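K.L.:
Just upload_33.cif, nothing more (mmCIF, C-alpha atoms and all ligand atoms):
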data_coords
loop_
_atom_site.label_atom_id
_atom_site.label_comp_id
_atom_site.auth_asym_id
_atom_site.auth_seq_id
_atom_site.Cartn_x
_atom_site.Cartn_y
_atom_site.Cartn_z
CA MET A 110 130.03 92.22 98.99
CA SER A 111 130.10 89.10 96.94
CA THR A 112 129.10 88.71 93.33
CA PRO A 113 126.00 86.55 93.16
CA SER A 114 127.30 83.37 91.63
CA ALA A 115 123.99 82.70 89.95
CA LEU A 116 124.21 86.06 88.18
CA GLN A 117 124.17 85.42 84.47
CA ALA A 118 125.92 88.05 82.38
CA SER A 119 123.68 87.24 79.44
CA LEU A 120 120.53 88.13 81.38
CA GLN A 121 119.35 91.66 81.94
CA THR A 122 118.81 92.61 85.58
CA ARG A 123 115.25 93.63 86.30
CA PRO A 124 115.05 97.31 87.34
CA VAL A 125 112.98 98.45 90.31
CA LEU A 126 109.90 100.19 88.92
CA ALA A 127 108.57 101.20 92.33
CA ALA A 128 109.45 100.65 95.96
CA ALA A 129 106.70 101.22 98.50
CA ALA A 130 106.38 100.85 102.24
CA GLY A 131 103.42 98.87 103.52
CA MET A 132 100.39 100.71 104.89
CA GLU A 133 99.00 100.11 108.38
CA THR A 134 95.39 98.96 108.33
CA SER A 135 93.06 96.47 109.94
CA ASP A 136 90.74 93.80 108.57
CA GLY A 137 88.62 90.89 109.70
CA ALA A 138 87.17 91.59 113.14
CA GLY A 139 89.93 94.10 113.88
CA VAL A 140 93.29 92.48 113.18
CA SER A 141 96.20 94.91 112.77
CA LEU A 142 97.85 94.44 109.39
CA THR A 143 100.44 95.97 107.12
CA ARG A 144 99.08 95.94 103.58
CA LEU A 145 101.78 95.84 100.92
CA LEU A 146 99.65 95.29 97.86
CA GLY A 147 96.04 96.26 97.23
CA THR A 148 96.53 99.80 98.54
CA PRO A 149 95.95 103.19 96.91
CA ARG A 150 99.75 103.30 96.54
CA LEU A 151 99.98 99.93 94.79
CA ARG A 152 96.63 98.65 93.59
CA MET A 153 97.56 95.26 92.13
CA LEU A 154 100.33 93.49 90.30
CA ASP A 155 98.64 91.13 87.86
CA PRO A 156 98.13 88.27 88.82
CA PHE A 157 98.72 89.31 92.48
CA LEU A 158 95.77 91.18 93.98
CA MET A 159 96.62 91.80 97.60
CA LEU A 160 99.34 91.08 100.14
CA ASP A 161 98.96 91.51 103.90
CA PHE A 162 101.57 91.05 106.62
CA PHE A 163 100.48 90.39 110.18
CA GLY A 164 103.00 90.37 112.99
CA SER A 165 102.23 91.06 116.63
CA ASP A 166 102.82 89.68 120.10
CA ARG A 167 99.95 91.80 121.46
CA PRO A 168 96.87 89.52 121.57
CA GLN A 169 94.47 92.48 121.33
CA GLU A 170 95.86 93.09 117.84
CA TYR A 171 95.02 89.62 116.54
CA LEU A 172 92.66 87.67 118.84
CA ALA A 173 89.50 88.81 117.03
CA GLY A 174 90.74 87.01 113.91
CA PHE A 175 88.79 86.69 110.68
CA PRO A 176 85.32 85.25 111.44
CA GLU A 177 83.31 83.61 108.67
CA HIS A 178 83.53 85.37 105.31
CA PRO A 179 83.27 84.32 101.66
CA HIS A 180 85.72 84.25 98.74
CA ARG A 181 85.18 83.63 95.02
CA GLY A 182 87.30 83.86 91.89
CA PHE A 183 90.87 83.72 93.21
CA GLU A 184 93.32 81.97 95.55
CA THR A 185 94.35 82.92 99.09
CA VAL A 186 97.80 81.88 100.26
CA THR A 187 98.55 81.95 104.00
CA TYR A 188 102.18 81.55 105.09
CA MET A 189 102.70 81.34 108.85
CA LEU A 190 106.07 82.62 110.06
CA ALA A 191 105.19 82.27 113.75
CA GLY A 192 102.15 81.07 115.64
CA ARG A 193 99.16 78.97 114.66
CA MET A 194 95.99 79.79 112.74
CA ARG A 195 92.87 77.62 112.65
CA HIS A 196 90.95 77.49 109.40
CA ALA A 197 87.45 76.08 108.88
CA ASP A 198 85.10 76.28 105.89
CA ASN A 199 81.43 75.55 105.21
CA HIS A 200 82.25 72.35 103.29
CA GLY A 201 83.72 70.66 106.37
CA HIS A 202 87.36 71.35 105.68
CA GLU A 203 89.23 72.30 108.85
CA GLY A 204 92.80 72.43 110.11
CA VAL A 205 95.55 74.42 111.78
CA ILE A 206 98.34 76.16 109.87
CA GLU A 207 101.45 75.84 112.07
CA THR A 208 104.66 77.89 112.13
CA GLY A 209 106.47 77.64 108.80
CA GLY A 210 103.49 76.02 107.10
CA ILE A 211 101.51 77.12 104.09
CA GLN A 212 97.89 76.92 103.08
CA TRP A 213 97.22 77.55 99.39
CA MET A 214 93.45 77.79 99.01
CA THR A 215 91.86 77.94 95.59
CA ALA A 216 88.52 79.51 96.46
CA GLY A 217 87.24 79.00 92.91
CA ARG A 218 83.42 79.10 92.77
CA GLY A 219 83.28 79.92 96.42
CA ILE A 220 83.73 78.99 100.02
CA LEU A 221 82.76 80.52 103.36
CA HIS A 222 85.56 80.26 105.86
CA SER A 223 86.98 81.57 109.11
CA GLU A 224 90.62 82.15 109.97
CA MET A 225 91.18 82.40 113.72
CA PRO A 226 94.37 82.48 115.83
CA GLU A 227 94.89 79.14 117.62
CA GLN A 228 96.62 80.87 120.55
CA GLN A 229 95.78 83.29 123.36
CA ASP A 230 99.17 85.00 123.54
CA GLY A 231 102.63 85.04 121.99
CA LEU A 232 103.76 86.05 118.53
CA LEU A 233 101.48 85.64 115.52
CA LYS A 234 103.24 86.47 112.27
CA GLY A 235 102.78 85.70 108.60
CA PHE A 236 101.57 86.74 105.18
CA GLN A 237 98.37 86.37 103.23
CA LEU A 238 98.57 86.77 99.47
CA TRP A 239 95.63 86.85 97.05
CA ILE A 240 96.33 85.53 93.56
CA ASN A 241 93.83 86.02 90.77
CA LEU A 242 92.45 83.13 88.70
CA PRO A 243 91.86 83.27 84.93
CA ALA A 244 88.26 83.44 83.68
CA HIS A 245 88.08 79.72 82.89
CA LEU A 246 89.03 78.78 86.48
CA LYS A 247 87.12 81.36 88.52
CA MET A 248 84.24 78.91 89.06
CA THR A 249 86.40 75.81 89.54
CA GLU A 250 85.80 73.54 92.53
CA PRO A 251 87.52 74.80 95.70
CA ARG A 252 90.86 73.12 96.41
CA TYR A 253 93.34 73.15 99.29
CA GLN A 254 97.06 72.56 99.20
CA GLU A 255 98.35 72.45 102.78
CA VAL A 256 101.99 71.84 103.54
CA PRO A 257 103.70 71.92 106.96
CA ALA A 258 107.16 73.44 107.35
CA ALA A 259 108.78 70.00 107.04
CA GLY A 260 107.32 69.62 103.54
CA ILE A 261 108.86 72.81 102.15
CA PRO A 262 112.30 72.24 100.60
CA VAL A 263 115.13 74.59 101.56
CA GLU A 264 117.65 75.21 98.80
CA ALA A 265 121.13 76.01 100.20
CA ARG A 266 123.24 78.27 97.99
CA GLU A 267 126.76 79.63 98.39
CA ASP A 268 127.57 82.29 101.03
CA GLY A 269 124.91 80.89 103.36
CA VAL A 270 122.00 81.97 101.17
CA THR A 271 118.88 79.83 101.65
CA VAL A 272 115.68 79.67 99.63
CA LYS A 273 112.49 78.06 100.98
CA VAL A 274 110.64 76.98 97.88
CA ILE A 275 106.88 77.06 98.46
CA ALA A 276 105.68 77.17 94.86
CA GLY A 277 107.43 76.97 91.51
CA THR A 278 110.88 75.75 90.53
CA THR A 279 114.07 77.73 91.17
CA SER A 280 116.78 78.30 88.56
CA ARG A 281 118.76 75.62 90.47
CA GLY A 282 115.98 73.09 90.01
CA THR A 283 114.33 72.93 93.45
CA THR A 284 110.57 72.52 93.12
CA GLY A 285 108.11 73.57 95.79
CA PRO A 286 105.21 71.35 96.92
CA VAL A 287 102.40 73.67 95.77
CA ARG A 288 100.98 73.36 92.26
CA ALA A 289 99.99 76.79 90.96
CA GLU A 290 99.28 75.96 87.33
CA ALA A 291 96.92 78.88 86.68
CA THR A 292 99.56 81.58 87.04
CA GLU A 293 102.75 79.48 87.32
CA ALA A 294 103.35 81.42 90.53
CA ARG A 295 106.72 81.29 92.22
CA TYR A 296 106.69 81.88 95.97
CA PHE A 297 110.16 81.81 97.52
CA ASP A 298 111.24 82.83 101.05
CA VAL A 299 114.87 83.95 100.73
CA THR A 300 117.35 84.54 103.57
CA LEU A 301 120.59 86.45 102.87
CA PRO A 302 123.42 86.73 105.42
CA PRO A 303 124.99 90.22 105.77
CA GLY A 304 126.36 91.43 102.44
CA ALA A 305 125.32 88.31 100.52
CA SER A 306 123.80 88.52 97.06
CA PHE A 307 121.09 86.62 95.27
CA ALA A 308 120.21 86.31 91.60
CA GLU A 309 117.36 84.33 90.13
CA ALA A 310 116.44 83.90 86.48
CA LEU A 311 112.74 84.44 85.77
CA PRO A 312 110.68 84.42 82.57
CA GLU A 313 111.11 87.89 81.03
CA ASP A 314 107.45 88.88 80.98
CA TYR A 315 106.42 87.55 84.41
CA THR A 316 105.36 89.96 87.09
CA ALA A 317 107.91 89.93 89.91
CA ALA A 318 108.29 91.63 93.28
CA LEU A 319 110.50 91.43 96.35
CA VAL A 320 108.86 91.81 99.77
CA VAL A 321 111.40 92.62 102.49
CA PHE A 322 110.42 91.68 106.06
CA GLU A 323 113.75 91.43 107.93
CA GLY A 324 117.01 93.36 107.58
CA ALA A 325 117.32 95.40 104.41
CA LEU A 326 118.54 94.97 100.85
CA THR A 327 119.39 96.76 97.66
CA ALA A 328 117.74 95.69 94.40
CA ALA A 329 119.09 97.14 91.15
CA GLY A 330 120.49 100.10 93.10
CA THR A 331 117.30 100.78 95.05
CA PRO A 332 117.28 100.30 98.85
CA VAL A 333 114.31 98.36 100.21
CA GLU A 334 113.56 98.22 103.93
CA PRO A 335 111.00 96.23 105.89
CA LEU A 336 108.12 96.17 105.50
CA GLY A 337 108.52 97.16 101.92
CA ILE A 338 107.81 95.90 98.43
CA ALA A 339 109.92 96.44 95.33
CA VAL A 340 108.11 95.98 92.03
CA LEU A 341 110.52 94.71 89.39
CA GLY A 342 110.38 95.65 85.72
CA GLU A 343 111.02 93.33 82.81
CA GLY A 344 114.29 91.53 82.49
CA GLY A 345 115.82 88.08 82.71
CA GLN A 346 116.76 87.99 86.38
CA ALA A 347 115.95 89.40 89.80
CA VAL A 348 119.02 90.52 91.77
CA ALA A 349 119.31 91.63 95.40
CA THR A 350 122.16 92.28 97.86
CA ALA A 351 121.68 92.28 101.63
CA GLY A 352 122.78 95.14 103.86
CA PRO A 353 124.95 94.73 106.99
CA GLN A 354 122.07 93.14 108.96
CA GLY A 355 121.33 90.56 106.28
CA ALA A 356 117.88 90.35 104.74
CA ARG A 357 114.89 88.10 104.48
CA PHE A 358 112.36 88.58 101.72
CA LEU A 359 109.72 86.93 99.60
CA LEU A 360 110.32 86.66 95.88
CA LEU A 361 106.92 86.53 94.20
CA ALA A 362 106.58 86.02 90.47
CA GLY A 363 103.82 84.90 88.14
CA ARG A 364 102.37 85.01 84.67
CA PRO A 365 100.11 88.04 84.23
CA LEU A 366 96.54 87.08 83.29
CA GLN A 367 95.84 90.30 81.34
CA GLU A 368 92.09 90.00 81.87
CA PRO A 369 89.59 92.60 83.10
CA VAL A 370 89.36 92.67 86.91
CA ALA A 371 86.03 93.34 88.62
CA TRP A 372 86.73 93.42 92.35
CA GLY A 373 83.95 93.63 94.91
CA GLY A 374 85.14 92.99 98.47
CA PRO A 375 85.83 89.24 98.80
CA PHE A 376 84.89 88.49 95.18
CA VAL A 377 87.21 89.03 92.21
CA MET A 378 85.64 88.32 88.83
CA ASN A 379 85.96 89.63 85.26
CA THR A 380 82.76 91.67 85.05
CA ARG A 381 80.59 93.71 87.40
CA GLU A 382 77.65 91.40 86.62
CA GLU A 383 79.67 88.38 87.81
CA VAL A 384 80.45 90.22 91.07
CA MET A 385 76.74 91.03 91.55
CA GLN A 386 75.96 87.36 90.92
CA ALA A 387 78.51 86.39 93.57
CA PHE A 388 76.79 88.66 96.13
CA ARG A 389 73.40 87.11 95.21
CA ASP A 390 74.79 83.55 95.45
CA PHE A 391 76.32 84.37 98.82
CA GLU A 392 73.16 85.99 100.21
CA GLU A 393 70.99 83.10 98.94
CA GLY A 394 73.23 80.44 100.46
CA ARG A 395 74.72 78.96 97.30
CA PHE A 396 78.35 78.94 98.44
CO CO A 401 89.64 84.53 103.95
#
Could you show the structure in this file as C-alpha cells?
Ligand code: CO

P.N.:
Amino acid sequence: MSTPSALQASLQTRPVLAAAAGMETSDGAGVSLTRLLGTPRLRMLDPFLMLDFFGSDRPQEYLAGFPEHPHRGFETVTYMLAGRMRHADNHGHEGVIETGGIQWMTAGRGILHSEMPEQQDGLLKGFQLWINLPAHLKMTEPRYQEVPAAGIPVEAREDGVTVKVIAGTTSRGTTGPVRAEATEARYFDVTLPPGASFAEALPEDYTAALVVFEGALTAAGTPVEPLGIAVLGEGGQAVATAGPQGARFLLLAGRPLQEPVAWGGPFVMNTREEVMQAFRDFEEGRF
C-alpha cells in the first residue's frame, strides 16, 4: 500500500463515525433503489437529505420511472453512471441526462417534473442526491445546471488515482462545473486502483461522507463495502485506501445549514406550516 501523497501530517484524519449498508427500497412508480441516506438507519447528514442508488439491467426494475411529482425547498442532483434518463418539468424545461452526465436541479419554490428512463433495455445506473437549501433560498426561482460527461474535469493524481470533479474545488485546485453556493457542496467521483490511497483536505466543520459503489476501501481503519456509506467525523482531511479490487466512491462534503428541517414527502422546509403551504400550493396549481 502506498502512502497517499496528498496526506498532510499537520491535518487530523477524519474518523468514521458510522458505516452503513444501503437499504433496498422502491420509489416513483416502482423503481428498485438502494437508499443510502434518508433511512431509519441514517436519517440525514445536514445539508444532505437523501441519497439513492439505482443500478439494474432488468427493465422491469426501472421502466416505470418517476412520473410527474413536485419538489420544493431543496436541490436534486442526478448523476448518471450508465444509461439515459429523460427529464421534463411543468415550466417547459426538458432534456436527457446521458451516461456520465449530471443534472443539478435547484427546485427552490417549486417545480413539477418527471424522470423517465430513455431506454427499453440495458443497464440504467446512477445516483440521486437531495441537498437542503437554507431558509433564504427555499423559495428561490428554480434553476438547472446540466453538464454532460465531457464537461466534467478529471483530475489525475499519482498511482493512477482519478477524481471526477462535479462540484466544488479539490485540494489540488480542480474546480467542477456546478455552482453550489448555498452549501458549498463538493461532489467528487473518485477511482482508486488496487491498494492506492487518497487524501483530501476539507474544511474542518463540513459534513463529509464516502459512498462506495465499486470494489472496497478502508477509511480511518474502517472497511466500507458497496453499496455502503461511511459518515466522517470532524477533522482536516478525508483518507481512504482501496482494497485488492480497487475502489470507486463518491466523496460528498458540504457546509451544514443547522436550521430546523420540516420534511413532508417531496417538500423540505423549515416549519410544518411551510410544508402545509407547499401541499396547498401544489394542490391549487401554484407550482
Ligand atoms: Co424528482

K.L.:
Within 12 Å of ligand CO 401 (chain A) (counting only C-alpha atoms and all ligand atoms), which residues show up? I'd like them as a ChimeraX atom specification.

P.N.:
/A:136-138,159,161,174-181,183-187,194-198,212-216,219-225,237-239,374-376

K.L.:
Could those residues be written to a file, using C-alpha atoms, as a short mmCIF file (atom, residue, chain, number, x, y, z; two decimals), keeping the file's coordinate frame?

P.N.:
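Writing the result to again22.cif gives the following:
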data_model
loop_
_atom_site.label_atom_id
_atom_site.label_comp_id
_atom_site.auth_asym_id
_atom_site.auth_seq_id
_atom_site.Cartn_x
_atom_site.Cartn_y
_atom_site.Cartn_z
CA ASP A 136 90.74 93.80 108.57
CA GLY A 137 88.62 90.89 109.70
CA ALA A 138 87.17 91.59 113.14
CA MET A 159 96.62 91.80 97.60
CA ASP A 161 98.96 91.51 103.90
CA GLY A 174 90.74 87.01 113.91
CA PHE A 175 88.79 86.69 110.68
CA PRO A 176 85.32 85.25 111.44
CA GLU A 177 83.31 83.61 108.67
CA HIS A 178 83.53 85.37 105.31
CA PRO A 179 83.27 84.32 101.66
CA HIS A 180 85.72 84.25 98.74
CA ARG A 181 85.18 83.63 95.02
CA PHE A 183 90.87 83.72 93.21
CA GLU A 184 93.32 81.97 95.55
CA THR A 185 94.35 82.92 99.09
CA VAL A 186 97.80 81.88 100.26
CA THR A 187 98.55 81.95 104.00
CA MET A 194 95.99 79.79 112.74
CA ARG A 195 92.87 77.62 112.65
CA HIS A 196 90.95 77.49 109.40
CA ALA A 197 87.45 76.08 108.88
CA ASP A 198 85.10 76.28 105.89
CA GLN A 212 97.89 76.92 103.08
CA TRP A 213 97.22 77.55 99.39
CA MET A 214 93.45 77.79 99.01
CA THR A 215 91.86 77.94 95.59
CA ALA A 216 88.52 79.51 96.46
CA GLY A 219 83.28 79.92 96.42
CA ILE A 220 83.73 78.99 100.02
CA LEU A 221 82.76 80.52 103.36
CA HIS A 222 85.56 80.26 105.86
CA SER A 223 86.98 81.57 109.11
CA GLU A 224 90.62 82.15 109.97
CA MET A 225 91.18 82.40 113.72
CA GLN A 237 98.37 86.37 103.23
CA LEU A 238 98.57 86.77 99.47
CA TRP A 239 95.63 86.85 97.05
CA GLY A 374 85.14 92.99 98.47
CA PRO A 375 85.83 89.24 98.80
CA PHE A 376 84.89 88.49 95.18
#

K.L.:
With only C-alpha atoms as the basis for distance, which of A:Arg193, A:Arg167, A:Arg152, A:Arg357 is at the shortest distance from Pro257 of chain A?

P.N.:
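Closest residue, counting only C-alpha atoms: A:Arg193.
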
K.L.:
Atom CA of Phe322 of chain A and atom CA of Gly337 of chain A are how many Å apart?

P.N.:
7.1 Å

K.L.:
Would you kindly return, as JSON, numbers by chain, each protein, DNA or RNA residue with an atom no farther than 9 Å from any atom of Gln354 of chain A, considering all atoms listed in the file and excluding same-chain residues fewer than 6 positions away?

P.N.:
{"A": [302, 303, 304, 323, 324, 325]}

K.L.:
Rounded to one decimal place, report the atom CA of Gly277 of chain A-atom CA of Val377 of chain A distance in Å.

P.N.:
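Computing it gives 23.6 Å between the two atoms.
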
K.L.:
I want to know what sits within 10 Å of Ala328 of chain A, based on all atoms listed in the file, with residues of the same chain fewer than 6 positions away left out; could you give that as number ranges by chain?

P.N.:
A: 122-125, 128, 306-307, 319, 339-341, 347-351

K.L.:
Nearest to Gln346 of chain A among A:Met378, A:Ala310, A:Ala258, A:Leu359, with distances taken over all atoms listed in the file: which residue is it?

P.N.:
A:Ala310

K.L.:
Would you list the contacts of Val321 of chain A as a PDB file with C-alpha atoms, in the frame of the given file, taking every protein, DNA or RNA residue within 6 Å and counting only C-alpha atoms, but skipping same-chain residues closer than 3 positions in sequence?

P.N.:
ATOM      1  CA  PRO A 335     111.000  96.230 105.890  1.00  0.00           C
ATOM      2  CA  LEU A 336     108.120  96.170 105.500  1.00  0.00           C
ATOM      3  CA  GLY A 337     108.520  97.160 101.920  1.00  0.00           C
ATOM      4  CA  PHE A 358     112.360  88.580 101.720  1.00  0.00           C
TER       5      PHE A 358
END

K.L.:
Quick one: residues within 9 Å of Met189 of chain A, all atoms listed in the file, excluding same-chain residues fewer than 2 positions away - as a VMD selection string?

P.N.:
chain A and resid 187 191 to 194 206 to 212 233 to 237

K.L.:
Using Å and a single decimal, report how far atom CA of Val140 of chain A sits from atom CA of Tyr171 of chain A.

P.N.:
4.7 Å

K.L.:
Set the distance at 12 Å and use only C-alpha atoms: which residues neighbour Met385 of chain A once local chain neighbours fewer than 2 positions away are removed? I'd like the list as a list in words.

P.N.:
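Selected residues are Arg181, Ala371, Trp372, Gly373, Gly374, Pro375, Phe376, Val377, Met378, Asn379, Thr380, Arg381, Glu382, Glu383, Ala387, Phe388, Arg389, Asp390, Phe391 and Glu392 of chain A.
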
K.L.:
Would you mind telling me which residue in A:Ala173, A:Val299, A:Ala305, A:Leu326 lies nearest to Glu264 of chain A when using all atoms listed in the file?

P.N.:
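When distances to Glu264 of chain A are compared using all atoms listed in the file, the smallest one comes from A:Val299.
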
K.L.:
Find, counting only C-alpha atoms, the residue in A:Gln121, A:Val256, A:Arg218, A:Lys273 that gets nearest to Arg395 of chain A.

P.N.:
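Smallest distance to Arg395 of chain A is found for A:Arg218.
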